[in-house]
>>> print(open('my_file28.cif').read())   # mmCIF, N, CA and C atoms
data_entry
loop_
_atom_site.label_atom_id
_atom_site.label_comp_id
_atom_site.auth_asym_id
_atom_site.auth_seq_id
_atom_site.Cartn_x
_atom_site.Cartn_y
_atom_site.Cartn_z
N MET A 1 72.80 75.47 133.50
CA MET A 1 73.56 74.61 132.62
C MET A 1 74.99 75.14 132.56
N ALA A 2 75.91 74.37 133.02
CA ALA A 2 77.31 74.77 133.03
C ALA A 2 77.92 74.58 131.65
N GLN A 3 78.73 75.54 131.29
CA GLN A 3 79.39 75.47 129.98
C GLN A 3 80.77 74.89 130.16
N THR A 4 81.10 73.91 129.33
CA THR A 4 82.41 73.27 129.40
C THR A 4 83.37 74.00 128.48
N VAL A 5 84.54 74.34 129.03
CA VAL A 5 85.56 75.02 128.25
C VAL A 5 86.65 74.01 127.92
N TYR A 6 86.96 73.90 126.64
CA TYR A 6 88.00 73.01 126.20
C TYR A 6 89.25 73.82 125.90
N ILE A 7 90.36 73.44 126.47
CA ILE A 7 91.63 74.12 126.24
C ILE A 7 92.54 73.15 125.49
N ALA A 8 92.98 73.60 124.31
CA ALA A 8 93.85 72.76 123.50
C ALA A 8 95.26 72.78 124.09
N ASP A 9 95.89 71.65 124.14
CA ASP A 9 97.25 71.54 124.64
C ASP A 9 98.19 71.68 123.45
N ILE A 10 98.66 72.91 123.22
CA ILE A 10 99.53 73.19 122.09
C ILE A 10 100.89 73.59 122.61
N GLU A 11 101.89 72.95 122.07
CA GLU A 11 103.25 73.28 122.47
C GLU A 11 103.95 73.94 121.28
N LEU A 12 104.40 75.16 121.48
CA LEU A 12 105.06 75.90 120.41
C LEU A 12 106.57 75.73 120.55
N ASP A 13 107.23 75.51 119.42
CA ASP A 13 108.68 75.36 119.47
C ASP A 13 109.36 76.74 119.54
N GLN A 14 110.63 76.74 119.87
CA GLN A 14 111.37 77.98 120.03
C GLN A 14 111.43 78.78 118.72
N ASP A 15 111.40 78.11 117.56
CA ASP A 15 111.42 78.81 116.28
C ASP A 15 110.21 79.73 116.13
N TYR A 16 109.09 79.34 116.71
CA TYR A 16 107.89 80.18 116.66
C TYR A 16 108.18 81.54 117.28
N TYR A 17 108.80 81.54 118.43
CA TYR A 17 109.10 82.79 119.13
C TYR A 17 110.22 83.56 118.42
N ASP A 18 111.21 82.84 117.94
CA ASP A 18 112.33 83.48 117.23
C ASP A 18 111.84 84.19 115.97
N ARG A 19 110.94 83.55 115.23
CA ARG A 19 110.39 84.17 114.02
C ARG A 19 109.59 85.42 114.37
N GLY A 20 108.83 85.37 115.44
CA GLY A 20 108.05 86.53 115.87
C GLY A 20 108.95 87.69 116.28
N ILE A 21 109.99 87.40 117.03
CA ILE A 21 110.94 88.44 117.43
C ILE A 21 111.63 89.03 116.21
N ALA A 22 112.05 88.18 115.29
CA ALA A 22 112.73 88.66 114.07
C ALA A 22 111.79 89.52 113.24
N ALA A 23 110.52 89.14 113.15
CA ALA A 23 109.56 89.93 112.38
C ALA A 23 109.34 91.30 113.01
N ARG A 24 109.22 91.35 114.32
CA ARG A 24 109.04 92.64 115.00
C ARG A 24 110.29 93.51 114.86
N ARG A 25 111.45 92.91 114.97
CA ARG A 25 112.70 93.66 114.82
C ARG A 25 112.81 94.21 113.39
N SER A 26 112.47 93.41 112.41
CA SER A 26 112.52 93.84 111.01
C SER A 26 111.54 94.98 110.76
N ALA A 27 110.33 94.84 111.28
CA ALA A 27 109.32 95.88 111.10
C ALA A 27 109.77 97.17 111.75
N HIS A 28 110.36 97.06 112.93
CA HIS A 28 110.85 98.25 113.64
C HIS A 28 111.92 98.96 112.81
N THR A 29 112.82 98.19 112.22
CA THR A 29 113.89 98.75 111.39
C THR A 29 113.33 99.40 110.14
N HIS A 30 112.41 98.71 109.47
CA HIS A 30 111.87 99.22 108.20
C HIS A 30 110.91 100.39 108.39
N LEU A 31 110.28 100.47 109.54
CA LEU A 31 109.29 101.52 109.77
C LEU A 31 109.83 102.68 110.61
N ALA A 32 111.11 102.67 110.89
CA ALA A 32 111.71 103.68 111.77
C ALA A 32 111.53 105.10 111.24
N ASP A 33 111.56 105.28 109.94
CA ASP A 33 111.49 106.63 109.38
C ASP A 33 110.08 107.04 108.94
N VAL A 34 109.08 106.23 109.22
CA VAL A 34 107.72 106.54 108.81
C VAL A 34 107.23 107.83 109.47
N THR A 35 107.54 108.04 110.74
CA THR A 35 107.11 109.24 111.44
C THR A 35 107.67 110.49 110.78
N ASP A 36 108.95 110.44 110.41
CA ASP A 36 109.56 111.59 109.73
C ASP A 36 108.91 111.85 108.37
N ILE A 37 108.61 110.79 107.65
CA ILE A 37 107.97 110.93 106.34
C ILE A 37 106.57 111.55 106.51
N LEU A 38 105.81 111.06 107.48
CA LEU A 38 104.47 111.59 107.70
C LEU A 38 104.52 113.04 108.18
N ASP A 39 105.51 113.39 108.98
CA ASP A 39 105.67 114.79 109.41
C ASP A 39 105.93 115.68 108.20
N GLY A 40 106.75 115.22 107.27
CA GLY A 40 107.01 115.99 106.05
C GLY A 40 105.75 116.17 105.21
N ILE A 41 104.97 115.12 105.11
CA ILE A 41 103.71 115.20 104.35
C ILE A 41 102.76 116.18 105.03
N GLU A 42 102.70 116.14 106.35
CA GLU A 42 101.83 117.05 107.08
C GLU A 42 102.27 118.50 106.87
N ASP A 43 103.57 118.74 106.88
CA ASP A 43 104.09 120.10 106.64
C ASP A 43 103.70 120.60 105.24
N GLU A 44 103.83 119.73 104.25
CA GLU A 44 103.46 120.10 102.87
C GLU A 44 101.95 120.37 102.77
N ALA A 45 101.15 119.55 103.44
CA ALA A 45 99.69 119.75 103.42
C ALA A 45 99.33 121.08 104.08
N ASP A 46 100.02 121.41 105.17
CA ASP A 46 99.76 122.69 105.84
C ASP A 46 100.11 123.87 104.93
N LYS A 47 101.22 123.76 104.18
CA LYS A 47 101.60 124.82 103.24
C LYS A 47 100.57 124.95 102.13
N LEU A 48 100.12 123.83 101.60
CA LEU A 48 99.11 123.86 100.54
C LEU A 48 97.80 124.48 101.05
N LEU A 49 97.40 124.13 102.26
CA LEU A 49 96.19 124.69 102.83
C LEU A 49 96.34 126.20 103.02
N ALA A 50 97.48 126.64 103.52
CA ALA A 50 97.71 128.08 103.70
C ALA A 50 97.65 128.80 102.36
N ASP A 51 98.27 128.23 101.32
CA ASP A 51 98.22 128.84 99.99
C ASP A 51 96.79 128.88 99.46
N LEU A 52 96.04 127.84 99.66
CA LEU A 52 94.65 127.78 99.20
C LEU A 52 93.81 128.84 99.90
N LEU A 53 94.01 129.00 101.20
CA LEU A 53 93.26 130.01 101.94
C LEU A 53 93.58 131.42 101.46
N VAL A 54 94.83 131.67 101.08
CA VAL A 54 95.20 132.97 100.52
C VAL A 54 94.46 133.19 99.20
N VAL A 55 94.44 132.17 98.35
CA VAL A 55 93.75 132.28 97.07
C VAL A 55 92.26 132.52 97.29
N LEU A 56 91.66 131.76 98.20
CA LEU A 56 90.22 131.92 98.44
C LEU A 56 89.89 133.28 99.05
N ASP A 57 90.78 133.82 99.86
CA ASP A 57 90.56 135.16 100.44
C ASP A 57 90.64 136.25 99.39
N ASN A 58 91.34 135.99 98.30
CA ASN A 58 91.54 137.01 97.26
C ASN A 58 90.53 136.92 96.14
N ILE A 59 89.56 136.01 96.22
CA ILE A 59 88.54 135.88 95.19
C ILE A 59 87.48 136.96 95.43
N ASP A 60 87.17 137.68 94.34
CA ASP A 60 86.12 138.72 94.42
C ASP A 60 84.76 138.05 94.33
N VAL A 61 83.91 138.36 95.27
CA VAL A 61 82.55 137.82 95.28
C VAL A 61 81.64 138.89 94.69
N GLU A 62 80.93 138.53 93.64
CA GLU A 62 80.06 139.48 92.96
C GLU A 62 78.65 139.40 93.47
#
>>> encode(input="my_file28.cif", output="structure tokens")
Amino acid sequence: MAQTVYIADIELDQDYYDRGIAARRSAHTHLADVTDILDGIEDEADKLLADLLVVLDNIDVE
């Protein structure tokens, strides 16, 4: 039994593409510093972990 594939004939106007390009450009601009922010958070987390390990190493076990 052969399966019939229906393809819709949709024509997109140029505004569709322009809006997509503008959205990607805007996202790129707004998200440009996210990597730097996440690197800073990772550095702080590493410092906190190092401090915690020092504290845990100094606990007397009875």
>>> select_by_dssp(input="my_file28.cif", residues="chain A", states="helix (DSSP H, G or I)", output="VMD selection string")
chain A and resid 14 to 30 34 to 57
>>> write_last_selection(input="my_file28.cif", atoms="N, CA and C atoms", output="tab-separated table (two decimals), keeping the file's coordinate frame")
chain	number	residue	atom	x	y	z
A	14	GLN	N	110.63	76.74	119.87
A	14	GLN	CA	111.37	77.98	120.03
A	14	GLN	C	111.43	78.78	118.72
A	15	ASP	N	111.40	78.11	117.56
A	15	ASP	CA	111.42	78.81	116.28
A	15	ASP	C	110.21	79.73	116.13
A	16	TYR	N	109.09	79.34	116.71
A	16	TYR	CA	107.89	80.18	116.66
A	16	TYR	C	108.18	81.54	117.28
A	17	TYR	N	108.80	81.54	118.43
A	17	TYR	CA	109.10	82.79	119.13
A	17	TYR	C	110.22	83.56	118.42
A	18	ASP	N	111.21	82.84	117.94
A	18	ASP	CA	112.33	83.48	117.23
A	18	ASP	C	111.84	84.19	115.97
A	19	ARG	N	110.94	83.55	115.23
A	19	ARG	CA	110.39	84.17	114.02
A	19	ARG	C	109.59	85.42	114.37
A	20	GLY	N	108.83	85.37	115.44
A	20	GLY	CA	108.05	86.53	115.87
A	20	GLY	C	108.95	87.69	116.28
A	21	ILE	N	109.99	87.40	117.03
A	21	ILE	CA	110.94	88.44	117.43
A	21	ILE	C	111.63	89.03	116.21
A	22	ALA	N	112.05	88.18	115.29
A	22	ALA	CA	112.73	88.66	114.07
A	22	ALA	C	111.79	89.52	113.24
A	23	ALA	N	110.52	89.14	113.15
A	23	ALA	CA	109.56	89.93	112.38
A	23	ALA	C	109.34	91.30	113.01
A	24	ARG	N	109.22	91.35	114.32
A	24	ARG	CA	109.04	92.64	115.00
A	24	ARG	C	110.29	93.51	114.86
A	25	ARG	N	111.45	92.91	114.97
A	25	ARG	CA	112.70	93.66	114.82
A	25	ARG	C	112.81	94.21	113.39
A	26	SER	N	112.47	93.41	112.41
A	26	SER	CA	112.52	93.84	111.01
A	26	SER	C	111.54	94.98	110.76
A	27	ALA	N	110.33	94.84	111.28
A	27	ALA	CA	109.32	95.88	111.10
A	27	ALA	C	109.77	97.17	111.75
A	28	HIS	N	110.36	97.06	112.93
A	28	HIS	CA	110.85	98.25	113.64
A	28	HIS	C	111.92	98.96	112.81
A	29	THR	N	112.82	98.19	112.22
A	29	THR	CA	113.89	98.75	111.39
A	29	THR	C	113.33	99.40	110.14
A	30	HIS	N	112.41	98.71	109.47
A	30	HIS	CA	111.87	99.22	108.20
A	30	HIS	C	110.91	100.39	108.39
A	34	VAL	N	109.08	106.23	109.22
A	34	VAL	CA	107.72	106.54	108.81
A	34	VAL	C	107.23	107.83	109.47
A	35	THR	N	107.54	108.04	110.74
A	35	THR	CA	107.11	109.24	111.44
A	35	THR	C	107.67	110.49	110.78
A	36	ASP	N	108.95	110.44	110.41
A	36	ASP	CA	109.56	111.59	109.73
A	36	ASP	C	108.91	111.85	108.37
A	37	ILE	N	108.61	110.79	107.65
A	37	ILE	CA	107.97	110.93	106.34
A	37	ILE	C	106.57	111.55	106.51
A	38	LEU	N	105.81	111.06	107.48
A	38	LEU	CA	104.47	111.59	107.70
A	38	LEU	C	104.52	113.04	108.18
A	39	ASP	N	105.51	113.39	108.98
A	39	ASP	CA	105.67	114.79	109.41
A	39	ASP	C	105.93	115.68	108.20
A	40	GLY	N	106.75	115.22	107.27
A	40	GLY	CA	107.01	115.99	106.05
A	40	GLY	C	105.75	116.17	105.21
A	41	ILE	N	104.97	115.12	105.11
A	41	ILE	CA	103.71	115.20	104.35
A	41	ILE	C	102.76	116.18	105.03
A	42	GLU	N	102.70	116.14	106.35
A	42	GLU	CA	101.83	117.05	107.08
A	42	GLU	C	102.27	118.50	106.87
A	43	ASP	N	103.57	118.74	106.88
A	43	ASP	CA	104.09	120.10	106.64
A	43	ASP	C	103.70	120.60	105.24
A	44	GLU	N	103.83	119.73	104.25
A	44	GLU	CA	103.46	120.10	102.87
A	44	GLU	C	101.95	120.37	102.77
A	45	ALA	N	101.15	119.55	103.44
A	45	ALA	CA	99.69	119.75	103.42
A	45	ALA	C	99.33	121.08	104.08
A	46	ASP	N	100.02	121.41	105.17
A	46	ASP	CA	99.76	122.69	105.84
A	46	ASP	C	100.11	123.87	104.93
A	47	LYS	N	101.22	123.76	104.18
A	47	LYS	CA	101.60	124.82	103.24
A	47	LYS	C	100.57	124.95	102.13
A	48	LEU	N	100.12	123.83	101.60
A	48	LEU	CA	99.11	123.86	100.54
A	48	LEU	C	97.80	124.48	101.05
A	49	LEU	N	97.40	124.13	102.26
A	49	LEU	CA	96.19	124.69	102.83
A	49	LEU	C	96.34	126.20	103.02
A	50	ALA	N	97.48	126.64	103.52
A	50	ALA	CA	97.71	128.08	103.70
A	50	ALA	C	97.65	128.80	102.36
A	51	ASP	N	98.27	128.23	101.32
A	51	ASP	CA	98.22	128.84	99.99
A	51	ASP	C	96.79	128.88	99.46
A	52	LEU	N	96.04	127.84	99.66
A	52	LEU	CA	94.65	127.78	99.20
A	52	LEU	C	93.81	128.84	99.90
A	53	LEU	N	94.01	129.00	101.20
A	53	LEU	CA	93.26	130.01	101.94
A	53	LEU	C	93.58	131.42	101.46
A	54	VAL	N	94.83	131.67	101.08
A	54	VAL	CA	95.20	132.97	100.52
A	54	VAL	C	94.46	133.19	99.20
A	55	VAL	N	94.44	132.17	98.35
A	55	VAL	CA	93.75	132.28	97.07
A	55	VAL	C	92.26	132.52	97.29
A	56	LEU	N	91.66	131.76	98.20
A	56	LEU	CA	90.22	131.92	98.44
A	56	LEU	C	89.89	133.28	99.05
A	57	ASP	N	90.78	133.82	99.86
A	57	ASP	CA	90.56	135.16	100.44
A	57	ASP	C	90.64	136.25	99.39
>>> atom_distance(input="my_file28.cif", atom1="atom CA of A:Asp15", atom2="atom N of A:Leu31")
22.7 Å
>>> atom_distance(input="my_file28.cif", atom1="atom CA of A:Asp39", atom2="atom C of A:Ala27")
18.2 Å
